[in-house]
file run_15.txt (compact mmCIF, C-alpha atoms and all ligand atoms)
# COMPACT_ATOMS: atom_id res chain seq x y z
CA MET N 33 56.18 -50.77 55.82
CA ALA N 34 53.32 -51.69 58.14
CA THR N 35 54.45 -53.01 61.54
CA PRO N 36 53.80 -56.73 62.04
CA THR N 37 50.79 -57.45 64.19
CA ARG N 38 52.09 -60.83 65.47
CA PRO N 39 55.43 -61.46 67.23
CA GLU N 40 58.16 -62.87 64.97
CA ARG N 41 58.61 -65.97 67.16
CA ASP N 42 55.06 -67.05 66.23
CA THR N 43 55.41 -66.73 62.46
CA VAL N 44 59.04 -67.31 61.39
CA MET N 45 61.16 -70.50 61.48
CA HIS N 46 64.61 -69.55 62.74
CA SER N 47 67.86 -71.39 62.00
CA TRP N 48 70.12 -73.28 64.43
CA CYS N 49 67.78 -73.23 67.41
CA LYS N 50 64.75 -74.84 68.96
CA GLN N 51 61.84 -72.73 67.74
CA SER N 52 60.42 -72.61 71.25
CA ASP N 53 63.71 -71.09 72.56
CA TRP N 54 63.89 -68.23 70.07
CA ASN N 55 63.17 -64.91 71.71
CA ALA N 56 65.57 -62.38 70.24
CA PRO N 57 65.23 -58.61 70.35
CA THR N 58 64.34 -56.84 67.12
CA VAL N 59 67.11 -54.87 65.43
CA VAL N 60 65.94 -51.69 63.75
CA GLY N 61 69.23 -50.24 62.51
CA GLY N 62 72.94 -50.09 62.99
CA SER N 63 76.11 -48.06 62.52
CA GLY N 64 79.72 -49.16 62.58
CA ALA N 65 80.09 -52.07 65.00
CA TRP N 66 76.79 -51.23 66.73
CA LEU N 67 73.34 -52.76 66.38
CA HIS N 68 70.37 -50.57 67.28
CA ILE N 69 67.60 -52.39 69.12
CA GLU N 70 63.88 -51.56 68.98
CA ASP N 71 63.80 -50.73 72.70
CA GLY N 72 66.48 -48.04 72.24
CA ARG N 73 69.51 -50.09 73.38
CA ARG N 74 72.74 -50.22 71.37
CA ILE N 75 74.65 -53.52 71.29
CA LEU N 76 78.32 -53.81 70.29
CA ASP N 77 78.64 -56.67 67.82
CA MET N 78 81.79 -58.71 68.54
CA SER N 79 80.99 -61.41 65.98
CA SER N 80 80.01 -59.36 62.88
CA LEU N 81 76.69 -61.29 62.84
CA ALA N 82 77.97 -64.76 61.90
CA GLU N 83 81.36 -63.34 60.87
CA SER N 84 79.91 -61.58 57.85
CA ASN N 85 79.40 -57.85 58.54
CA HIS N 86 83.07 -57.00 57.99
CA LEU N 87 82.20 -53.40 57.05
CA GLY N 88 79.97 -52.87 60.04
CA HIS N 89 76.27 -52.21 59.91
CA GLN N 90 74.67 -49.93 57.33
CA HIS N 91 77.94 -48.77 55.81
CA PRO N 92 76.86 -45.56 54.01
CA ARG N 93 78.82 -46.35 50.86
CA LEU N 94 77.15 -49.76 50.54
CA VAL N 95 73.70 -48.33 51.21
CA ALA N 96 74.26 -45.65 48.56
CA ALA N 97 75.53 -48.18 45.98
CA ILE N 98 72.50 -50.42 46.52
CA ARG N 99 70.12 -47.47 46.27
CA GLU N 100 71.80 -46.18 43.10
CA GLN N 101 71.72 -49.61 41.42
CA ALA N 102 68.10 -50.20 42.48
CA GLU N 103 67.08 -47.03 40.70
CA LYS N 104 68.76 -48.23 37.47
CA LEU N 105 68.20 -51.98 37.28
CA CYS N 106 67.25 -54.43 40.01
CA PHE N 107 67.51 -57.70 38.12
CA VAL N 108 68.39 -59.54 34.95
CA THR N 109 69.27 -63.25 34.79
CA ALA N 110 72.70 -64.52 33.76
CA ALA N 111 71.34 -64.85 30.22
CA TRP N 112 71.82 -61.05 30.04
CA GLY N 113 74.84 -58.92 30.79
CA ALA N 114 74.93 -56.62 33.83
CA ALA N 115 77.68 -54.06 34.40
CA PRO N 116 77.99 -54.50 38.21
CA ARG N 117 78.44 -58.26 37.71
CA ALA N 118 81.22 -57.79 35.15
CA ARG N 119 82.92 -55.13 37.30
CA LEU N 120 82.81 -57.28 40.43
CA ALA N 121 84.27 -60.30 38.60
CA GLU N 122 87.06 -58.12 37.25
CA LEU N 123 87.84 -56.73 40.72
CA LEU N 124 87.87 -60.21 42.31
CA LEU N 125 90.24 -61.54 39.65
CA GLU N 126 92.54 -58.54 40.18
CA ARG N 127 92.54 -58.80 43.99
CA SER N 128 93.13 -62.55 43.97
CA GLY N 129 95.63 -62.57 41.11
CA PHE N 130 93.56 -65.18 39.21
CA HIS N 131 94.04 -62.89 36.20
CA ASP N 132 92.96 -65.29 33.46
CA GLY N 133 90.40 -67.05 35.66
CA ARG N 134 86.66 -66.56 35.88
CA VAL N 135 84.01 -66.01 38.51
CA PHE N 136 80.71 -67.86 38.97
CA PHE N 137 78.27 -66.02 41.23
CA SER N 138 75.99 -67.79 43.71
CA LEU N 139 73.73 -66.57 46.50
CA GLY N 140 75.85 -67.53 49.50
CA GLY N 141 78.54 -69.85 50.80
CA ALA N 142 76.83 -73.26 50.63
CA ASP N 143 75.90 -73.01 46.97
CA ALA N 144 79.34 -71.54 46.16
CA ASN N 145 80.89 -74.70 47.64
CA GLU N 146 78.46 -77.00 45.83
CA ASN N 147 79.23 -75.33 42.52
CA ALA N 148 82.98 -75.36 43.18
CA ILE N 149 82.73 -79.16 43.56
CA LYS N 150 80.77 -79.38 40.30
CA PHE N 151 83.45 -77.37 38.47
CA ALA N 152 86.30 -79.40 40.01
CA ARG N 153 84.65 -82.70 39.04
CA GLN N 154 83.88 -81.47 35.54
CA ALA N 155 87.32 -79.95 34.91
CA SER N 156 89.14 -83.01 36.27
CA ALA N 157 86.97 -85.26 34.06
CA LYS N 158 86.02 -87.20 37.20
CA PRO N 159 82.27 -86.53 37.26
CA ARG N 160 81.85 -88.78 40.29
CA GLY N 161 85.29 -88.12 41.76
CA TRP N 162 85.81 -88.10 45.52
CA VAL N 163 86.12 -84.91 47.52
CA ILE N 164 88.22 -84.77 50.68
CA THR N 165 87.19 -82.32 53.37
CA ARG N 166 87.83 -82.51 57.12
CA ASP N 167 86.22 -83.04 60.49
CA ARG N 168 85.49 -79.87 62.45
CA SER N 169 84.81 -77.86 59.31
CA TYR N 170 81.73 -76.01 58.12
CA HIS N 171 80.84 -75.50 54.46
CA GLY N 172 77.10 -74.79 54.63
CA ALA N 173 73.77 -76.42 55.45
CA SER N 174 72.31 -77.40 52.07
CA TYR N 175 72.45 -81.19 51.49
CA ALA N 176 75.73 -81.43 49.58
CA ALA N 177 77.28 -78.74 51.80
CA MET N 178 76.27 -80.73 54.90
CA ALA N 179 78.05 -83.75 53.39
CA LEU N 180 81.12 -81.57 52.83
CA SER N 181 81.01 -80.18 56.38
CA GLY N 182 82.53 -82.03 59.32
CA ASP N 183 79.99 -80.54 61.70
CA SER N 184 78.36 -82.29 64.65
CA ARG N 185 75.10 -80.37 64.13
CA THR N 186 74.38 -81.81 60.70
CA ARG N 187 76.28 -85.13 60.82
CA THR N 188 73.21 -87.35 61.07
CA GLN N 189 71.25 -85.68 58.30
CA VAL N 190 73.33 -86.87 55.38
CA ASP N 191 75.64 -89.71 54.30
CA PRO N 192 78.86 -88.07 53.03
CA GLN N 193 80.22 -91.31 51.55
CA ALA N 194 77.09 -91.65 49.41
CA MET N 195 77.97 -88.22 48.00
CA ARG N 196 81.60 -89.33 47.59
CA VAL N 197 82.92 -87.12 50.33
CA ASP N 198 85.50 -88.39 52.81
CA HIS N 199 86.52 -86.50 55.94
CA ALA N 200 90.14 -86.19 57.01
CA LEU N 201 91.21 -85.67 60.62
CA PRO N 202 91.74 -81.97 61.38
CA PRO N 203 94.99 -80.06 62.00
CA TYR N 204 93.78 -79.33 65.55
CA SER N 205 97.16 -78.82 67.13
CA TYR N 206 95.85 -78.15 70.69
CA ARG N 207 94.37 -81.67 70.68
CA CYS N 208 96.28 -83.16 67.77
CA PRO N 209 94.50 -86.33 66.53
CA PHE N 210 97.90 -87.63 65.41
CA GLY N 211 99.37 -87.31 68.92
CA THR N 212 102.11 -84.91 67.86
CA SER N 213 103.62 -82.42 70.28
CA THR N 214 104.10 -79.30 68.13
CA ALA N 215 101.83 -77.33 65.81
CA GLU N 216 104.30 -77.80 62.96
CA GLU N 217 104.30 -81.61 63.39
CA CYS N 218 100.51 -81.69 63.65
CA ALA N 219 100.20 -79.67 60.43
CA GLN N 220 102.58 -81.98 58.56
CA ALA N 221 100.87 -85.13 59.86
CA ALA N 222 97.40 -83.80 58.97
CA ALA N 223 98.50 -82.88 55.42
CA ALA N 224 100.19 -86.28 54.95
CA HIS N 225 96.97 -87.92 56.12
CA VAL N 226 95.05 -86.09 53.36
CA GLY N 227 97.60 -87.55 50.93
CA GLU N 228 96.86 -91.04 52.28
CA LEU N 229 93.12 -90.51 51.80
CA ILE N 230 93.70 -89.40 48.22
CA ASP N 231 95.70 -92.60 47.65
CA ALA N 232 92.97 -94.68 49.28
CA HIS N 233 90.46 -93.41 46.69
CA ALA N 234 92.88 -93.65 43.78
CA ASP N 235 90.81 -96.25 41.92
CA GLU N 236 87.77 -93.99 41.60
CA GLY N 237 89.82 -90.80 41.66
CA VAL N 238 89.79 -87.69 43.85
CA ALA N 239 88.55 -84.54 42.14
CA ALA N 240 89.24 -82.06 44.92
CA VAL N 241 90.27 -81.29 48.46
CA LEU N 242 88.11 -78.56 50.04
CA MET N 243 89.34 -76.84 53.20
CA GLU N 244 89.07 -73.63 55.19
CA PRO N 245 92.55 -72.07 55.03
CA ASN N 246 92.24 -70.30 58.40
CA ALA N 247 89.17 -69.16 60.34
CA GLY N 248 86.29 -71.57 60.81
CA THR N 249 83.12 -71.73 62.90
CA ASN N 250 84.18 -75.11 64.29
CA GLY N 251 87.07 -73.40 66.01
CA ILE N 252 89.99 -74.95 64.16
CA VAL N 253 92.67 -72.53 63.04
CA ALA N 254 95.14 -74.61 61.05
CA PRO N 255 98.79 -74.07 62.03
CA PRO N 256 100.73 -72.02 59.44
CA ALA N 257 102.51 -75.08 58.04
CA TYR N 258 99.24 -76.81 57.07
CA TRP N 259 98.14 -74.94 53.96
CA PRO N 260 101.52 -75.02 52.15
CA ALA N 261 101.84 -78.75 52.97
CA LEU N 262 98.29 -79.38 51.75
CA ARG N 263 99.06 -77.51 48.54
CA ARG N 264 102.17 -79.66 47.95
CA VAL N 265 100.24 -82.90 48.57
CA THR N 266 97.31 -81.97 46.31
CA ARG N 267 99.68 -80.87 43.54
CA GLU N 268 101.71 -84.08 43.77
CA LYS N 269 98.57 -86.20 43.74
CA ASP N 270 96.80 -84.22 41.06
CA ALA N 271 93.71 -83.18 43.02
CA PHE N 272 92.31 -79.65 42.80
CA LEU N 273 92.62 -77.64 46.00
CA ILE N 274 89.57 -75.50 46.85
CA ALA N 275 89.98 -72.80 49.50
CA ASP N 276 86.71 -72.12 51.31
CA GLU N 277 87.27 -68.43 52.01
CA VAL N 278 83.64 -67.77 52.91
CA MET N 279 84.63 -66.84 56.45
CA SER N 280 88.36 -66.20 56.14
CA GLY N 281 88.24 -63.84 53.15
CA PHE N 282 88.11 -60.05 52.87
CA GLY N 283 90.49 -59.16 55.65
CA ARG N 284 89.10 -61.41 58.36
CA CYS N 285 92.49 -63.15 58.52
CA GLY N 286 94.64 -60.14 57.67
CA GLU N 287 94.75 -60.67 53.87
CA TRP N 288 92.22 -60.23 51.10
CA PHE N 289 92.13 -64.03 51.02
CA ALA N 290 93.71 -66.11 53.79
CA TRP N 291 95.76 -68.30 51.42
CA GLN N 292 97.63 -65.19 50.23
CA ARG N 293 99.61 -65.36 53.47
CA TYR N 294 101.57 -68.15 51.76
CA GLY N 295 102.19 -66.27 48.49
CA GLU N 296 101.99 -67.84 45.05
CA GLU N 297 103.00 -71.23 46.47
CA GLY N 298 99.75 -71.29 48.43
CA ARG N 299 97.45 -70.41 45.51
CA PRO N 300 94.49 -72.82 45.35
CA ASP N 301 92.86 -73.93 42.09
CA LEU N 302 89.47 -72.58 43.13
CA MET N 303 88.20 -70.47 45.99
CA THR N 304 84.73 -69.83 47.32
CA LEU N 305 83.51 -66.55 48.77
CA ALA N 306 80.43 -65.05 50.45
CA LYS N 307 79.87 -63.07 53.70
CA GLY N 308 82.49 -60.27 53.42
CA LEU N 309 81.96 -60.16 49.64
CA THR N 310 79.20 -57.63 50.27
CA GLY N 311 79.91 -57.23 54.00
CA ALA N 312 76.55 -59.05 54.25
CA HIS N 313 74.69 -56.01 52.98
CA LEU N 314 73.06 -58.28 50.37
CA PRO N 315 73.28 -62.07 49.83
CA LEU N 316 76.03 -63.06 47.39
CA GLY N 317 78.53 -65.88 46.97
CA ALA N 318 81.16 -66.62 44.35
CA VAL N 319 83.43 -69.33 43.02
CA VAL N 320 86.69 -68.03 41.57
CA VAL N 321 88.39 -70.56 39.28
CA SER N 322 91.94 -70.54 37.96
CA GLY N 323 92.87 -69.80 34.36
CA GLY N 324 93.68 -73.49 33.84
CA ILE N 325 90.22 -74.58 34.94
CA SER N 326 88.53 -71.79 32.95
CA ARG N 327 90.28 -72.95 29.81
CA ILE N 328 89.13 -76.55 30.33
CA LEU N 329 85.54 -75.48 31.01
CA GLU N 330 85.38 -72.82 28.27
CA PRO N 331 84.17 -75.10 25.44
CA GLN N 332 81.99 -77.30 27.70
CA MET N 333 78.35 -76.88 28.77
CA LEU N 334 77.96 -75.79 32.38
CA PHE N 335 74.98 -77.70 33.73
CA THR N 336 74.38 -75.41 36.66
CA GLY N 337 72.56 -72.23 37.47
CA LEU N 338 70.62 -70.26 40.02
CA THR N 339 67.91 -67.79 39.03
CA TYR N 340 69.70 -65.06 40.97
CA CYS N 341 73.29 -65.85 39.82
CA GLY N 342 75.15 -62.54 39.77
CA HIS N 343 72.16 -60.48 40.90
CA PRO N 344 72.93 -56.88 39.85
CA LEU N 345 71.93 -55.37 43.22
CA SER N 346 74.16 -57.78 45.15
CA CYS N 347 77.01 -57.29 42.69
CA ALA N 348 76.74 -53.51 43.03
CA ALA N 349 77.05 -54.00 46.79
CA GLY N 350 80.07 -56.26 46.14
CA VAL N 351 81.80 -53.62 44.02
CA ALA N 352 81.21 -50.99 46.71
CA ALA N 353 82.47 -53.41 49.37
CA LEU N 354 85.71 -54.15 47.54
CA GLU N 355 86.29 -50.43 46.94
CA THR N 356 85.65 -49.73 50.62
CA TYR N 357 88.10 -52.39 51.85
CA ALA N 358 90.77 -50.77 49.67
CA ASP N 359 89.95 -47.08 50.29
CA GLU N 360 89.56 -47.47 54.07
CA GLN N 361 92.60 -49.80 54.25
CA LEU N 362 90.54 -52.29 56.19
CA ILE N 363 92.68 -55.33 55.38
CA GLU N 364 95.72 -53.69 56.98
CA ARG N 365 93.55 -52.42 59.84
CA SER N 366 92.30 -55.93 60.52
CA ARG N 367 95.87 -57.23 60.59
CA ARG N 368 96.95 -54.50 63.04
CA LEU N 369 93.92 -54.68 65.36
CA GLY N 370 93.89 -58.48 65.10
CA ALA N 371 97.46 -58.64 66.38
CA SER N 372 96.69 -56.38 69.33
CA MET N 373 93.46 -58.26 70.13
CA PHE N 374 95.43 -61.52 70.07
CA ALA N 375 98.13 -60.13 72.37
CA GLU N 376 95.43 -59.01 74.82
CA LEU N 377 93.80 -62.47 74.74
CA GLN N 378 97.17 -64.06 75.47
CA ARG N 379 97.54 -61.76 78.49
CA MET N 380 94.08 -62.91 79.63
CA GLN N 381 95.23 -66.50 79.26
CA GLN N 382 97.98 -65.76 81.82
CA ARG N 383 95.36 -64.48 84.24
CA HIS N 384 92.57 -67.05 83.73
CA ALA N 385 93.20 -70.78 84.10
CA VAL N 386 89.93 -71.44 82.28
CA ILE N 387 91.56 -70.37 79.00
CA GLY N 388 93.30 -73.44 77.60
CA ASP N 389 94.23 -72.11 74.18
CA VAL N 390 94.06 -68.92 72.14
CA ARG N 391 94.40 -69.19 68.36
CA GLY N 392 94.01 -67.02 65.28
CA GLY N 393 95.06 -63.37 65.42
CA GLU N 394 96.27 -62.95 61.83
CA GLY N 395 93.39 -60.52 61.48
CA LEU N 396 90.31 -59.69 63.54
CA PHE N 397 89.52 -63.34 64.21
CA ALA N 398 90.47 -65.33 67.29
CA VAL N 399 89.22 -68.36 69.17
CA ILE N 400 89.47 -68.89 72.92
CA GLU N 401 89.14 -72.52 73.98
CA LEU N 402 87.91 -72.99 77.55
CA VAL N 403 89.02 -75.92 79.73
CA SER N 404 88.22 -77.19 83.21
CA ASP N 405 91.88 -78.09 83.82
CA ARG N 406 94.69 -76.37 81.94
CA ASP N 407 97.29 -79.05 82.73
CA THR N 408 95.25 -81.98 81.44
CA ARG N 409 93.43 -79.84 78.84
CA ALA N 410 90.15 -81.39 80.02
CA ALA N 411 87.31 -79.73 78.11
CA LEU N 412 84.97 -77.47 80.08
CA SER N 413 82.11 -79.54 78.62
CA PRO N 414 82.12 -82.34 76.02
CA TRP N 415 82.08 -81.00 72.45
CA PRO N 416 79.73 -79.62 71.17
CA ASP N 417 77.86 -78.89 74.43
CA MET N 418 78.01 -75.45 75.99
CA HIS N 419 78.68 -75.22 79.73
CA SER N 420 76.08 -73.28 81.71
CA SER N 421 78.81 -70.82 82.83
CA VAL N 422 79.49 -69.91 79.18
CA LYS N 423 75.77 -69.36 78.59
CA ALA N 424 75.76 -67.11 81.67
CA LEU N 425 78.83 -65.22 80.38
CA LEU N 426 77.08 -64.52 77.06
CA ALA N 427 73.95 -63.32 78.85
CA ASP N 428 76.00 -61.08 81.19
CA ALA N 429 77.89 -59.61 78.25
CA MET N 430 74.61 -58.86 76.51
CA ALA N 431 73.30 -57.17 79.64
CA HIS N 432 76.42 -54.97 79.45
CA GLY N 433 75.64 -54.15 75.79
CA VAL N 434 78.11 -56.50 74.07
CA SER N 435 77.25 -59.50 71.88
CA PHE N 436 79.89 -62.28 71.81
CA ALA N 437 79.61 -65.50 69.77
CA ALA N 438 80.35 -68.93 71.27
CA ARG N 439 80.23 -72.56 70.12
CA GLY N 440 80.60 -75.28 72.74
CA ASN N 441 83.76 -74.38 74.72
CA LEU N 442 84.86 -71.81 72.19
CA ILE N 443 84.43 -68.07 72.26
CA LEU N 444 84.83 -66.72 68.73
CA LEU N 445 85.92 -63.12 68.39
CA ALA N 446 85.31 -61.58 64.97
CA PRO N 447 84.28 -57.92 65.27
CA PRO N 448 83.62 -55.78 62.18
CA LEU N 449 86.90 -54.53 60.70
CA VAL N 450 85.66 -50.96 61.25
CA ILE N 451 85.33 -51.37 65.04
CA GLY N 452 86.80 -48.42 66.96
CA GLU N 453 89.97 -49.13 68.95
CA THR N 454 88.34 -47.99 72.19
CA GLU N 455 85.24 -50.07 71.50
CA LEU N 456 87.42 -53.13 70.96
CA ALA N 457 89.44 -52.44 74.12
CA ASP N 458 86.25 -51.98 76.17
CA ALA N 459 84.74 -55.23 74.86
CA LEU N 460 87.93 -57.15 75.69
CA SER N 461 88.08 -55.64 79.13
CA LEU N 462 84.46 -56.74 79.74
CA LEU N 463 85.37 -60.24 78.55
CA ASP N 464 88.34 -60.25 80.93
CA ARG N 465 86.07 -59.38 83.88
CA LEU N 466 83.49 -62.00 82.91
CA LEU N 467 86.09 -64.74 82.40
CA ALA N 468 87.46 -64.06 85.90
CA ARG N 469 84.16 -65.46 87.23
CA LEU N 470 84.75 -68.77 85.45
CA ASN N 471 88.08 -69.50 87.14
C1 LIG S 501 83.68 -71.45 55.87
C2 LIG S 501 82.22 -71.38 55.53
N1 LIG S 501 81.80 -71.93 54.39
C3 LIG S 501 80.50 -71.89 54.02
C4 LIG S 501 79.56 -71.30 54.82
C5 LIG S 501 78.12 -71.30 54.40
O1 LIG S 501 77.75 -70.05 53.95
P1 LIG S 501 76.18 -69.68 53.82
O2 LIG S 501 75.64 -69.65 55.20
O3 LIG S 501 76.20 -68.35 53.14
O4 LIG S 501 75.55 -70.73 52.97
C6 LIG S 501 79.96 -70.70 56.02
C7 LIG S 501 78.97 -70.04 56.90
O5 LIG S 501 79.17 -69.80 58.05
C8 LIG S 501 81.33 -70.75 56.39
O6 LIG S 501 81.76 -70.22 57.55

call {"tool": "encode", "arguments": {"input": "run_15.txt", "output": "structure tokens"}}
result
Amino acid sequence: MATPTRPERDTVMHSWCKQSDWNAPTVVGGSGAWLHIEDGRRILDMSSLAESNHLGHQHPRLVAAIREQAEKLCFVTAAWGAAPRARLAELLLERSGFHDGRVFFSLGGADANENAIKFARQASAKPRGWVITRDRSYHGASYAAMALSGDSRTRTQVDPQAMRVDHALPPYSYRCPFGTSTAEECAQAAAAHVGELIDAHADEGVAAVLMEPNAGTNGIVAPPAYWPALRRVTREKDAFLIADEVMSGFGRCGEWFAWQRYGEEGRPDLMTLAKGLTGAHLPLGAVVVSGGISRILEPQMLFTGLTYCGHPLSCAAGVAALETYADEQLIERSRRLGASMFAELQRMQQRHAVIGDVRGGEGLFAVIELVSDRDTRAALSPWPDMHSSVKALLADAMAHGVSFAARGNLILLAPPLVIGETELADALSLLDRLLARLN
């Protein structure tokens, strides 16, 4: 490929930033948890590039699978069969235990969520039924996905009520909106509140409740009691429960899918996937629907589609990704390293008053919430602003060769599941030294 003659910042529109601020280095390759930069530097990636590169960068098995498929068949639409698509669906149904269910393939997380809502409305025979999601959630940045999201960045761009979406208060136990004093009570109150919202829309009907079962970019990690309580409420009130596993799936939270932590009792009716589905080696999303929903939809027309639904190249990457998670025992590895990372973060919390809360840790995902006063839990800066000291910490870390992700007062740790134990320990020790400056 010919090298570009103009700098990228002059020709490309970049997401989630002011265009005039964008000035990122160019990545030319990668291996394991490392990104290789054009100027010869290597940067340790502690966020898996938007929590998606679970398998690290340029995993050889993924690269080989993509190359092999490209030589056979790059593309056919969903009007034709494609072996990698069928194999990936079969593997997903096996791994999730949705044995008699089906899989709809999309291109990423936002369109997976939009299609999940379509299927839930169609299968519940409530074509304009309400959908309950929650504040401090993220489900994507297309229009319907923005309505589903409870995200300060996109709040003003769309009217959720006009799209029949209502937002519940979050199970944010560190600052519980229900004023409870324990995580368990906060979880129960938040789930009961979802039940009240379902009742409030009873006349027009609620088709589905869509929630992230664990990890989320808005920094909420629901207490363990939340998901089972939510499942009970949605079952009692006859609303489908959709697990948005786009970020929490594929080992990120110590299970193939985060809801599996709660066993069969926690099984949702639908779940949406992306990111770790191919370890971000190619774009792909999916909606997995239960056997019950498949049977309802089976004789009906599905008025939906994307030209690249179930793209053979992406599906071949998905098959290789699922095989790699299993063969390299990465789900178990994430659970083990996640627990030790969490323990280390808790030790840091003892040392640094700036750390108000540490949550997550079921797998290689954790959130540190920074405060200006630990006793009063006063935020370091008002949400969603980022304090200048956090910006400085990120820049210092980068100068030391480590890339951390942060949102507002939150540092989100989500390294690739293949990260070396010493690499992880070194990154945490750097974070410890940098946090000491914030005290
Ligand atoms: C939980 C969750 N859902 C949906 C999305 C949207 O996925 P995509 O960016 O592939 O549209 C994201 C992306 O960060 C996510 O974290």

call {"tool": "closest_residue", "arguments": {"input": "run_15.txt", "among": "N:Gly440, N:Gly141, N:Gly72, N:Pro416", "to": "ligand LIG 501 (chain S)", "atoms": "all atoms listed in the file"}}
result
N:Gly141

call {"tool": "residues_around", "arguments": {"input": "run_15.txt", "residues": "N:Met373", "least_positions_apart": "3", "cutoff": "9 Å", "atoms": "only C-alpha atoms", "output": "ChimeraX atom specification"}}
result
/N:368-370,376-378,393,395-398,456-457,460

call {"tool": "residues_around", "arguments": {"input": "run_15.txt", "residues": "N:Gly129", "least_positions_apart": "6", "cutoff": "12 Å", "atoms": "all atoms listed in the file", "output": "PyMOL selection string"}}
result
chain N and resi 121-123+288-289+291-292+295-296+299-303+320-323

call {"tool": "closest_atom_pairs", "arguments": {"input": "run_15.txt", "of": "stretch 35-79 of chain N", "to": "stretch 180-190 of chain N", "cutoff": "12 Å", "atoms": "all atoms listed in the file", "output": "Markdown table"}}
result
| residue | atom | partner | partner_atom | distance |
| --- | --- | --- | --- | --- |
| N:Ser47 | CA | N:Arg185 | CA | 11.7 |
| N:Trp48 | CA | N:Arg185 | CA | 8.7 |
| N:Cys49 | CA | N:Arg185 | CA | 10.7 |

call {"tool": "closest_residue", "arguments": {"input": "run_15.txt", "among": "N:Met178, N:Leu466, N:Val319, N:Met33", "to": "N:Cys341", "atoms": "all atoms listed in the file"}}
result
N:Val319

call {"tool": "residues_near_ligand", "arguments": {"input": "run_15.txt", "ligand": "ligand LIG 501 (chain S)", "cutoff": "8 Å", "atoms": "all atoms listed in the file", "output": "PyMOL selection string"}}
result
chain N and resi 82-83+139-145+169-174+177+244+247-249+276-280+304-307+315-317

call {"tool": "residues_around", "arguments": {"input": "run_15.txt", "residues": "N:Tyr204", "least_positions_apart": "3", "cutoff": "9 Å", "atoms": "all atoms listed in the file", "output": "ChimeraX atom specification"}}
result
/N:168,201,207-209,215,218-219,222,251-255

call {"tool": "write_last_selection", "arguments": {"input": "run_15.txt", "atoms": "C-alpha atoms", "output": "PDB file, in the coordinates of the input"}}
result
ATOM      1  CA  ARG N 168      85.490 -79.870  62.450  1.00  0.00           C
ATOM      2  CA  LEU N 201      91.210 -85.670  60.620  1.00  0.00           C
ATOM      3  CA  ARG N 207      94.370 -81.670  70.680  1.00  0.00           C
ATOM      4  CA  CYS N 208      96.280 -83.160  67.770  1.00  0.00           C
ATOM      5  CA  PRO N 209      94.500 -86.330  66.530  1.00  0.00           C
ATOM      6  CA  ALA N 215     101.830 -77.330  65.810  1.00  0.00           C
ATOM      7  CA  CYS N 218     100.510 -81.690  63.650  1.00  0.00           C
ATOM      8  CA  ALA N 219     100.200 -79.670  60.430  1.00  0.00           C
ATOM      9  CA  ALA N 222      97.400 -83.800  58.970  1.00  0.00           C
ATOM     10  CA  GLY N 251      87.070 -73.400  66.010  1.00  0.00           C
ATOM     11  CA  ILE N 252      89.990 -74.950  64.160  1.00  0.00           C
ATOM     12  CA  VAL N 253      92.670 -72.530  63.040  1.00  0.00           C
ATOM     13  CA  ALA N 254      95.140 -74.610  61.050  1.00  0.00           C
ATOM     14  CA  PRO N 255      98.790 -74.070  62.030  1.00  0.00           C
TER      15      PRO N 255
END

call {"tool": "closest_residue", "arguments": {"input": "run_15.txt", "among": "N:Val403, N:Val197, N:Ile75, N:Ala371", "to": "N:Arg160", "atoms": "all atoms listed in the file"}}
result
N:Val197

call {"tool": "closest_residue", "arguments": {"input": "run_15.txt", "among": "N:Ala431, N:Pro192, N:Phe335, N:Thr310", "to": "N:Pro159", "atoms": "all atoms listed in the file"}}
result
N:Phe335

call {"tool": "atom_distance", "arguments": {"input": "run_15.txt", "atom1": "atom CA of N:Asp53", "atom2": "atom CA of N:Lys423"}}
result
13.6 Å

call {"tool": "closest_residue", "arguments": {"input": "run_15.txt", "among": "N:Pro245, N:Gly308, N:Pro256, N:Gly433", "to": "N:Ala290", "atoms": "all atoms listed in the file"}}
result
N:Pro245

call {"tool": "atom_distance", "arguments": {"input": "run_15.txt", "atom1": "atom CA of N:Tyr357", "atom2": "atom CA of N:Met78"}}
result
18.9 Å

call {"tool": "residues_near_point", "arguments": {"input": "run_15.txt", "point": "(91.0, -76.3, 73.6)", "cutoff": "7 Å", "atoms": "all atoms listed in the file", "output": "PyMOL selection string"}}
result
chain N and resi 206-207+388-389+401-403+409+411

call {"tool": "atom_distance", "arguments": {"input": "run_15.txt", "atom1": "atom CA of N:Asn147", "atom2": "atom CA of N:Leu242"}}
result
12.1 Å

call {"tool": "closest_residue", "arguments": {"input": "run_15.txt", "among": "N:Val60, N:Ile164, N:Ala358, N:Leu462", "to": "N:Arg127", "atoms": "all atoms listed in the file"}}
result
N:Ala358
